[in-house]
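Asks: Please see the structure below; I have some questions.
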Amino acid sequence: MPGYELIGPEERQAILEWFDASNGVLFAHGFGPRRNGVFKVREFEREIARTVGVAHAQVVSSGTAALLVALRALGVGPGDEVITQSFTFVATVEAILEAGATPVIVELDRSLNLHPEYFRKAITPKTKAVIPVHMAGAAADMEAILRIAREHRLAVLEDAAQGFGGSYQGKPLGTLGDIGIYSFDFAKNITTGEGGAVVTNDPTLYERARALHDHGHDYNPTVPRGKDTRRQAGFNFRMTEVQAAVGLAQLQKLPVILERQRANKAALKRGLDGCGLEFRLLHDEQGDVADTLIFFLDSEQQALAVAEELGRRNVGTKNLPDALDWHFAGTWRHMMGAFAGTRQAGAAANCACHGIVPSCACASLLRRAIALPVNVMMTQENIVSIAQAVRESIKAARGV
Ligand SMILES: Cc1ncc(COP(=O)(O)O)c(C=O)c1O
């Protein structure tokens, strides 16, 4: 969650220093001597690449833009199918549609991320790429997903919008596949207000992403920007200098953010000991960003009753169930037309997913889930009182 929790004197200072040093040149390119050699976007890109250990980072105006740029860099377009999971923010599917491809939505495993076996079953000759999403900052089953993708020669784009700073088997989320993306919107681990990044070790994908985010500019070093060469059409998904200045200040806080979230999540989970709850499966607990604690109740009714009781006690939930409709493809009737090309084999009649998801296990899994936000600034007192409210809400819902 928490970049925004820590917006404070350091970000303010970073903006003031950037302004004075650069004469307020907000644009990432050009403006010769006026900017005094200050290039915050470039610096932010270097620091992101260093933080996650990749060769290239291209910052852009949002995580959604990052997804579209990454898909286009991979060459995804009309006639292609892109497989992703039913639990994600709507942006993942919007980007697939915007690229002109057909989204193929598949089931979740107990981590609430892409189910590898359903991914395998959904592959057709038209499949070009797969987007595992590391929801709530916890890794998808990347070992299995990468194996299947390699067997079928599919590109892997990791949607790590919620996973900046997390890892899987020691590798940063977003860097395991061919290309990965992050979001720096106001609710993410670090924030630039709006913003995102595309990361990759592949120089060709990087060059494409760079051109795609900036009207097709080749960034040809032998000519000035006004005479730059072009090989492909692009668009404007650029980030401004002031956002990058804020991002650099936020980046320095990442270790503290992760450390506190992990400690607070562990304490909150301990506070629920003895409730007999099934917690979300974590494929790599150590690498969890830890800004969310998710558990399952015995039934959908029980989960709703718990959420209502928590609401009465002023304890908020995070997306499950309060914003489920923005995070579950099975509810996206407004985009139903776009799913027309998606195979629906095995869909149960009148299923909650309207046939988007081949079977509906994920709908009931998500509707049985409660996600508690974990904040950086939580005190031990907060944690104890939230845990108590959750325990009592569960008891009331179970009628014990
Ligand atoms: C999984 C996921 N993908 C993509 C995005 C889009 O990021 P942005 O809000 O920066 O456009 C989000 C944002 O919430 C997200 O959670």
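Residue names in the structure tokens use chain letters A, B, ... in the order shown, residue numbers from 1 in each chain, and ligand numbers from 1 in the order shown.
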Counting only C-alpha atoms and all ligand atoms, which residues of chain A sit at most 10 Å from some atom of ligand 1, and what is each one's closest atom pair with its distance in Å to one decimal, listed by chain and rising residue number, as JSON lines?

Replies:
{"residue": "A:Val60", "atom": "CA", "partner": "ligand 1", "partner_atom_place_in_ligand_line": "10 (O)", "distance": 9.3}
{"residue": "A:Ser61", "atom": "CA", "partner": "ligand 1", "partner_atom_place_in_ligand_line": "10 (O)", "distance": 7.6}
{"residue": "A:Ser62", "atom": "CA", "partner": "ligand 1", "partner_atom_place_in_ligand_line": "10 (O)", "distance": 4.0}
{"residue": "A:Gly63", "atom": "CA", "partner": "ligand 1", "partner_atom_place_in_ligand_line": "10 (O)", "distance": 3.4}
{"residue": "A:Thr64", "atom": "CA", "partner": "ligand 1", "partner_atom_place_in_ligand_line": "11 (O)", "distance": 3.7}
{"residue": "A:Ala65", "atom": "CA", "partner": "ligand 1", "partner_atom_place_in_ligand_line": "11 (O)", "distance": 6.5}
{"residue": "A:Ala66", "atom": "CA", "partner": "ligand 1", "partner_atom_place_in_ligand_line": "11 (O)", "distance": 7.8}
{"residue": "A:Leu67", "atom": "CA", "partner": "ligand 1", "partner_atom_place_in_ligand_line": "4 (C)", "distance": 7.2}
{"residue": "A:Phe87", "atom": "CA", "partner": "ligand 1", "partner_atom_place_in_ligand_line": "1 (C)", "distance": 8.5}
{"residue": "A:Thr88", "atom": "CA", "partner": "ligand 1", "partner_atom_place_in_ligand_line": "1 (C)", "distance": 5.0}
{"residue": "A:Phe89", "atom": "CA", "partner": "ligand 1", "partner_atom_place_in_ligand_line": "1 (C)", "distance": 4.7}
{"residue": "A:Val90", "atom": "CA", "partner": "ligand 1", "partner_atom_place_in_ligand_line": "3 (N)", "distance": 7.3}
{"residue": "A:Ala91", "atom": "CA", "partner": "ligand 1", "partner_atom_place_in_ligand_line": "4 (C)", "distance": 4.9}
{"residue": "A:Thr92", "atom": "CA", "partner": "ligand 1", "partner_atom_place_in_ligand_line": "3 (N)", "distance": 5.3}
{"residue": "A:Val93", "atom": "CA", "partner": "ligand 1", "partner_atom_place_in_ligand_line": "3 (N)", "distance": 8.9}
{"residue": "A:Glu94", "atom": "CA", "partner": "ligand 1", "partner_atom_place_in_ligand_line": "4 (C)", "distance": 9.3}
{"residue": "A:Ala95", "atom": "CA", "partner": "ligand 1", "partner_atom_place_in_ligand_line": "4 (C)", "distance": 8.8}
{"residue": "A:Pro132", "atom": "CA", "partner": "ligand 1", "partner_atom_place_in_ligand_line": "1 (C)", "distance": 9.4}
{"residue": "A:Val133", "atom": "CA", "partner": "ligand 1", "partner_atom_place_in_ligand_line": "1 (C)", "distance": 6.0}
{"residue": "A:His134", "atom": "CA", "partner": "ligand 1", "partner_atom_place_in_ligand_line": "1 (C)", "distance": 7.1}
{"residue": "A:Met135", "atom": "CA", "partner": "ligand 1", "partner_atom_place_in_ligand_line": "1 (C)", "distance": 6.0}
{"residue": "A:Ala136", "atom": "CA", "partner": "ligand 1", "partner_atom_place_in_ligand_line": "16 (O)", "distance": 7.8}
{"residue": "A:Gly137", "atom": "CA", "partner": "ligand 1", "partner_atom_place_in_ligand_line": "1 (C)", "distance": 9.1}
{"residue": "A:Glu158", "atom": "CA", "partner": "ligand 1", "partner_atom_place_in_ligand_line": "3 (N)", "distance": 9.6}
{"residue": "A:Asp159", "atom": "CA", "partner": "ligand 1", "partner_atom_place_in_ligand_line": "3 (N)", "distance": 5.8}
{"residue": "A:Ala160", "atom": "CA", "partner": "ligand 1", "partner_atom_place_in_ligand_line": "1 (C)", "distance": 6.6}
{"residue": "A:Ala161", "atom": "CA", "partner": "ligand 1", "partner_atom_place_in_ligand_line": "2 (C)", "distance": 4.7}
{"residue": "A:Gln162", "atom": "CA", "partner": "ligand 1", "partner_atom_place_in_ligand_line": "16 (O)", "distance": 5.4}
{"residue": "A:Gly163", "atom": "CA", "partner": "ligand 1", "partner_atom_place_in_ligand_line": "1 (C)", "distance": 8.5}
{"residue": "A:Ile181", "atom": "CA", "partner": "ligand 1", "partner_atom_place_in_ligand_line": "4 (C)", "distance": 8.3}
{"residue": "A:Tyr182", "atom": "CA", "partner": "ligand 1", "partner_atom_place_in_ligand_line": "7 (O)", "distance": 7.4}
{"residue": "A:Ser183", "atom": "CA", "partner": "ligand 1", "partner_atom_place_in_ligand_line": "10 (O)", "distance": 4.2}
{"residue": "A:Phe184", "atom": "CA", "partner": "ligand 1", "partner_atom_place_in_ligand_line": "10 (O)", "distance": 5.6}
{"residue": "A:Asp185", "atom": "CA", "partner": "ligand 1", "partner_atom_place_in_ligand_line": "10 (O)", "distance": 4.6}
{"residue": "A:Phe186", "atom": "CA", "partner": "ligand 1", "partner_atom_place_in_ligand_line": "9 (O)", "distance": 8.0}
{"residue": "A:Ala187", "atom": "CA", "partner": "ligand 1", "partner_atom_place_in_ligand_line": "14 (O)", "distance": 7.4}
{"residue": "A:Lys188", "atom": "CA", "partner": "ligand 1", "partner_atom_place_in_ligand_line": "14 (O)", "distance": 7.6}
{"residue": "A:Thr191", "atom": "CA", "partner": "ligand 1", "partner_atom_place_in_ligand_line": "10 (O)", "distance": 9.2}
{"residue": "A:Thr192", "atom": "CA", "partner": "ligand 1", "partner_atom_place_in_ligand_line": "10 (O)", "distance": 9.5}
{"residue": "A:Gly193", "atom": "CA", "partner": "ligand 1", "partner_atom_place_in_ligand_line": "10 (O)", "distance": 8.7}
{"residue": "A:Glu194", "atom": "CA", "partner": "ligand 1", "partner_atom_place_in_ligand_line": "10 (O)", "distance": 5.9}
{"residue": "A:Gly195", "atom": "CA", "partner": "ligand 1", "partner_atom_place_in_ligand_line": "10 (O)", "distance": 5.5}
{"residue": "A:Gly196", "atom": "CA", "partner": "ligand 1", "partner_atom_place_in_ligand_line": "10 (O)", "distance": 5.7}
{"residue": "A:Ala197", "atom": "CA", "partner": "ligand 1", "partner_atom_place_in_ligand_line": "10 (O)", "distance": 9.1}
{"residue": "A:Trp326", "atom": "CA", "partner": "ligand 1", "partner_atom_place_in_ligand_line": "14 (O)", "distance": 9.5}
{"residue": "A:His327", "atom": "CA", "partner": "ligand 1", "partner_atom_place_in_ligand_line": "16 (O)", "distance": 8.2}

Asks: Hey, can you spit out that residue selection with N, CA and C atoms as a short mmCIF file (atom, residue, chain, number, x, y, z; two decimals), in the first residue's frame?

Replies:
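Output below, filename out-v3.cif:
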data_model
loop_
_atom_site.label_atom_id
_atom_site.label_comp_id
_atom_site.auth_asym_id
_atom_site.auth_seq_id
_atom_site.Cartn_x
_atom_site.Cartn_y
_atom_site.Cartn_z
N VAL A 60 7.07 5.07 -17.32
CA VAL A 60 5.94 5.54 -18.12
C VAL A 60 4.91 6.20 -17.19
N SER A 61 3.80 6.62 -17.80
CA SER A 61 2.84 7.46 -17.07
C SER A 61 1.92 6.69 -16.14
N SER A 62 1.82 5.38 -16.27
CA SER A 62 0.97 4.57 -15.37
C SER A 62 1.32 3.10 -15.53
N GLY A 63 0.82 2.30 -14.60
CA GLY A 63 1.00 0.86 -14.73
C GLY A 63 0.21 0.31 -15.92
N THR A 64 -0.95 0.92 -16.18
CA THR A 64 -1.77 0.49 -17.31
C THR A 64 -1.03 0.75 -18.62
N ALA A 65 -0.41 1.94 -18.72
CA ALA A 65 0.38 2.26 -19.90
C ALA A 65 1.55 1.28 -20.02
N ALA A 66 2.15 0.93 -18.89
CA ALA A 66 3.28 -0.01 -18.91
C ALA A 66 2.85 -1.36 -19.49
N LEU A 67 1.63 -1.81 -19.11
CA LEU A 67 1.13 -3.08 -19.64
C LEU A 67 0.96 -3.02 -21.16
N PHE A 87 -8.46 -13.06 -11.24
CA PHE A 87 -8.31 -12.09 -10.16
C PHE A 87 -7.17 -11.16 -10.52
N THR A 88 -7.51 -9.97 -10.93
CA THR A 88 -6.52 -8.95 -11.25
C THR A 88 -7.26 -7.62 -11.29
N PHE A 89 -6.55 -6.52 -11.37
CA PHE A 89 -7.25 -5.25 -11.57
C PHE A 89 -7.66 -5.19 -13.04
N VAL A 90 -8.75 -4.51 -13.31
CA VAL A 90 -9.32 -4.45 -14.66
C VAL A 90 -8.30 -3.99 -15.71
N ALA A 91 -7.26 -3.25 -15.27
CA ALA A 91 -6.26 -2.71 -16.20
C ALA A 91 -5.56 -3.80 -17.01
N THR A 92 -5.35 -4.97 -16.42
CA THR A 92 -4.62 -6.03 -17.13
C THR A 92 -5.37 -6.40 -18.41
N VAL A 93 -6.69 -6.55 -18.26
CA VAL A 93 -7.51 -6.96 -19.41
C VAL A 93 -7.73 -5.77 -20.34
N GLU A 94 -7.87 -4.59 -19.78
CA GLU A 94 -8.00 -3.39 -20.64
C GLU A 94 -6.79 -3.28 -21.58
N ALA A 95 -5.61 -3.54 -21.05
CA ALA A 95 -4.39 -3.41 -21.86
C ALA A 95 -4.38 -4.46 -22.98
N PRO A 132 1.01 -13.53 -15.87
CA PRO A 132 0.76 -13.83 -14.45
C PRO A 132 0.77 -12.50 -13.69
N VAL A 133 -0.16 -12.37 -12.76
CA VAL A 133 -0.26 -11.14 -11.97
C VAL A 133 0.10 -11.49 -10.53
N HIS A 134 1.02 -10.77 -9.96
CA HIS A 134 1.42 -11.04 -8.57
C HIS A 134 0.50 -10.22 -7.66
N MET A 135 -0.71 -10.75 -7.47
CA MET A 135 -1.72 -9.94 -6.78
C MET A 135 -1.36 -9.73 -5.33
N ALA A 136 -1.64 -8.51 -4.88
CA ALA A 136 -1.37 -8.11 -3.51
C ALA A 136 0.09 -8.41 -3.14
N GLY A 137 0.96 -8.29 -4.13
CA GLY A 137 2.40 -8.39 -3.86
C GLY A 137 2.94 -9.76 -3.54
N GLU A 158 5.11 -10.25 -16.76
CA GLU A 158 4.65 -10.26 -15.35
C GLU A 158 4.00 -8.93 -15.02
N ASP A 159 2.76 -8.99 -14.56
CA ASP A 159 2.10 -7.80 -14.04
C ASP A 159 2.44 -7.74 -12.55
N ALA A 160 3.50 -6.98 -12.26
CA ALA A 160 3.93 -6.81 -10.87
C ALA A 160 3.56 -5.40 -10.39
N ALA A 161 2.41 -4.92 -10.92
CA ALA A 161 1.93 -3.58 -10.52
C ALA A 161 1.88 -3.47 -9.01
N GLN A 162 1.45 -4.55 -8.35
CA GLN A 162 1.31 -4.53 -6.90
C GLN A 162 2.52 -5.15 -6.20
N GLY A 163 3.53 -5.53 -6.99
CA GLY A 163 4.60 -6.35 -6.42
C GLY A 163 5.97 -5.73 -6.39
N ILE A 181 6.18 -5.39 -15.47
CA ILE A 181 5.74 -4.00 -15.26
C ILE A 181 5.46 -3.75 -13.78
N TYR A 182 5.58 -2.46 -13.40
CA TYR A 182 5.21 -1.99 -12.06
C TYR A 182 4.28 -0.80 -12.19
N SER A 183 3.50 -0.59 -11.14
CA SER A 183 2.69 0.63 -11.04
C SER A 183 3.20 1.43 -9.86
N PHE A 184 3.21 2.75 -10.06
CA PHE A 184 3.56 3.65 -8.94
C PHE A 184 2.39 4.58 -8.65
N ASP A 185 1.16 4.06 -8.83
CA ASP A 185 0.01 4.91 -8.50
C ASP A 185 -0.05 5.10 -6.99
N PHE A 186 -1.04 5.86 -6.54
CA PHE A 186 -0.98 6.35 -5.15
C PHE A 186 -1.17 5.25 -4.11
N ALA A 187 -1.64 4.08 -4.55
CA ALA A 187 -1.89 3.00 -3.58
C ALA A 187 -0.80 1.93 -3.61
N LYS A 188 0.29 2.16 -4.34
CA LYS A 188 1.29 1.12 -4.50
C LYS A 188 2.46 1.27 -3.52
N THR A 191 5.23 5.37 -4.63
CA THR A 191 4.31 6.09 -5.50
C THR A 191 4.93 7.35 -6.10
N THR A 192 4.48 7.63 -7.34
CA THR A 192 4.80 8.92 -7.97
C THR A 192 3.48 9.64 -8.28
N GLY A 193 2.44 9.28 -7.58
CA GLY A 193 1.10 9.83 -7.84
C GLY A 193 0.44 8.98 -8.91
N GLU A 194 0.86 9.13 -10.13
CA GLU A 194 0.59 8.20 -11.23
C GLU A 194 1.94 7.82 -11.80
N GLY A 195 2.07 6.63 -12.33
CA GLY A 195 3.35 6.26 -12.93
C GLY A 195 3.50 4.76 -13.00
N GLY A 196 4.48 4.35 -13.78
CA GLY A 196 4.73 2.92 -13.91
C GLY A 196 6.09 2.70 -14.55
N ALA A 197 6.48 1.44 -14.67
CA ALA A 197 7.75 1.12 -15.32
C ALA A 197 7.64 -0.22 -16.03
N TRP A 326 -14.01 -4.76 -9.23
CA TRP A 326 -12.94 -4.18 -10.04
C TRP A 326 -11.76 -5.14 -10.20
N HIS A 327 -11.83 -6.25 -9.50
CA HIS A 327 -10.68 -7.16 -9.47
C HIS A 327 -11.02 -8.59 -9.87
#

Asks: Counting only C-alpha atoms, what is within 12 Å of Gly226 in chain A, bar same-chain residues fewer than 4 positions away, as a ChimeraX atom specification?

Replies: /A:29-31,217-222,230

Asks: What's around range 232-238 of chain A at 6 Å? Count only C-alpha atoms, leave out sequence neighbours fewer than 5 positions away in its own chain, and write the answer as a list of chain:residue names.

Replies: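 These residues fall inside the cut-off: A:Val60, A:Ser61, A:Leu212, A:His213, A:Asp214, A:His215, A:Gly216.
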
Asks: Please extract the residues of range 128-197 of chain A with a backbone DSSP assignment of strand (DSSP E) and present them as a ChimeraX atom specification.

Replies: /A:128-131,155-159,167-168,171-172,179-183,196-197

Asks: Given the choices A:Leu205, A:Ile190, A:Leu114, A:Val198, which gets closest to Phe164 in chain A if the distance is worked out from only C-alpha atoms?

Replies: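 Closest to Phe164 in chain A, using only C-alpha atoms: A:Ile190.
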
Asks: Looking at only C-alpha atoms, which of A:Glu10, A:Glu47, A:Glu381, A:Glu5 is the one that sits closest to Ala267 in chain A?

Replies: A:Glu381

Asks: If you count only C-alpha atoms, which residues fall within 12 Å of Leu97 in chain A, apart from same-chain ones fewer than 3 positions away, as a VMD selection string?

Replies: chain A and resid 64 67 to 68 71 to 72 76 to 83 90 to 94 100 to 104 335 to 341

Asks: Point out the residue among A:Ala371, A:Leu157, A:Val52, A:Val242 with the least atom-to-atom distance to Asp20 in chain A, counting only C-alpha atoms.

Replies: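 Using only C-alpha atoms, the shortest distance to Asp20 in chain A belongs to A:Val242.
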
Asks: Compare A:Gly287, A:Gly24, A:Pro373, A:Gly32 by their minimum atom-to-atom distance to Leu320 in chain A, counting only C-alpha atoms, and give me the closest one.

Replies: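 Comparing A:Gly287, A:Gly24, A:Pro373, A:Gly32 against Leu320 in chain A, the winner is A:Pro373.
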
Asks: Could you pull out all residues of range 126-256 of chain A with a DSSP call of alpha helix (DSSP H) and give them as a ChimeraX atom specification?

Replies: /A:142-151,203-212,241-251,254-256

Asks: Using only C-alpha atoms, which of the listed residues (A:Ile257, A:Ala57, A:Ala387, A:Ala249) sits closest to Ala14 in chain A?

Replies: A:Ala249

Asks: Quick one: residues within 7 Å of Leu108 in chain A, only C-alpha atoms, excluding same-chain residues fewer than 4 positions away - as a PyMOL selection string?

Replies: chain A and resi 85-86+112-115+362

Asks: Which residues are close to Ile383 in chain A, i.e. within 8 Å by only C-alpha atoms, leaving aside same-chain residues fewer than 3 positions away? Reply as a CSV table (one decimal) with C-alpha atoms, in the first residue's frame.

Replies:
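Result file follows (around_6.csv):
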chain,number,residue,atom,x,y,z
A,264,ASN,CA,3.1,-6.0,10.9
A,267,ALA,CA,2.0,-9.8,14.0
A,268,LEU,CA,-1.6,-9.5,12.5
A,271,GLY,CA,-3.2,-12.3,16.3
A,378,MET,CA,0.4,0.5,12.0
A,379,THR,CA,1.1,0.4,15.7
A,380,GLN,CA,1.1,-2.7,17.9
A,386,ILE,CA,-7.8,-5.2,14.4
A,387,ALA,CA,-7.1,-8.8,15.3

Asks: Please measure the separation of CA of Ala21 in chain A and CA of Asn36 in chain A, giving the value in Å to one decimal.

Replies: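 Computing the Euclidean distance for CA of Ala21 in chain A and CA of Asn36 in chain A yields 6.8 Å.
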
Asks: Find the residues around Asp322 in chain A up to 12 Å (only C-alpha atoms counted), leave out those fewer than 2 positions away in its own chain, and share them as a list in words.

Replies: Ala303, Leu304, Val306, Ala307, Glu308, Leu310, Gly311, Val315, Gly316, Thr317, Lys318, Asn319, Leu320, Leu324, Asp325, Trp326, His327, Phe328, Leu366, Arg367, Ala369, Ile370, Ala371, Leu372 and Pro373 of chain A
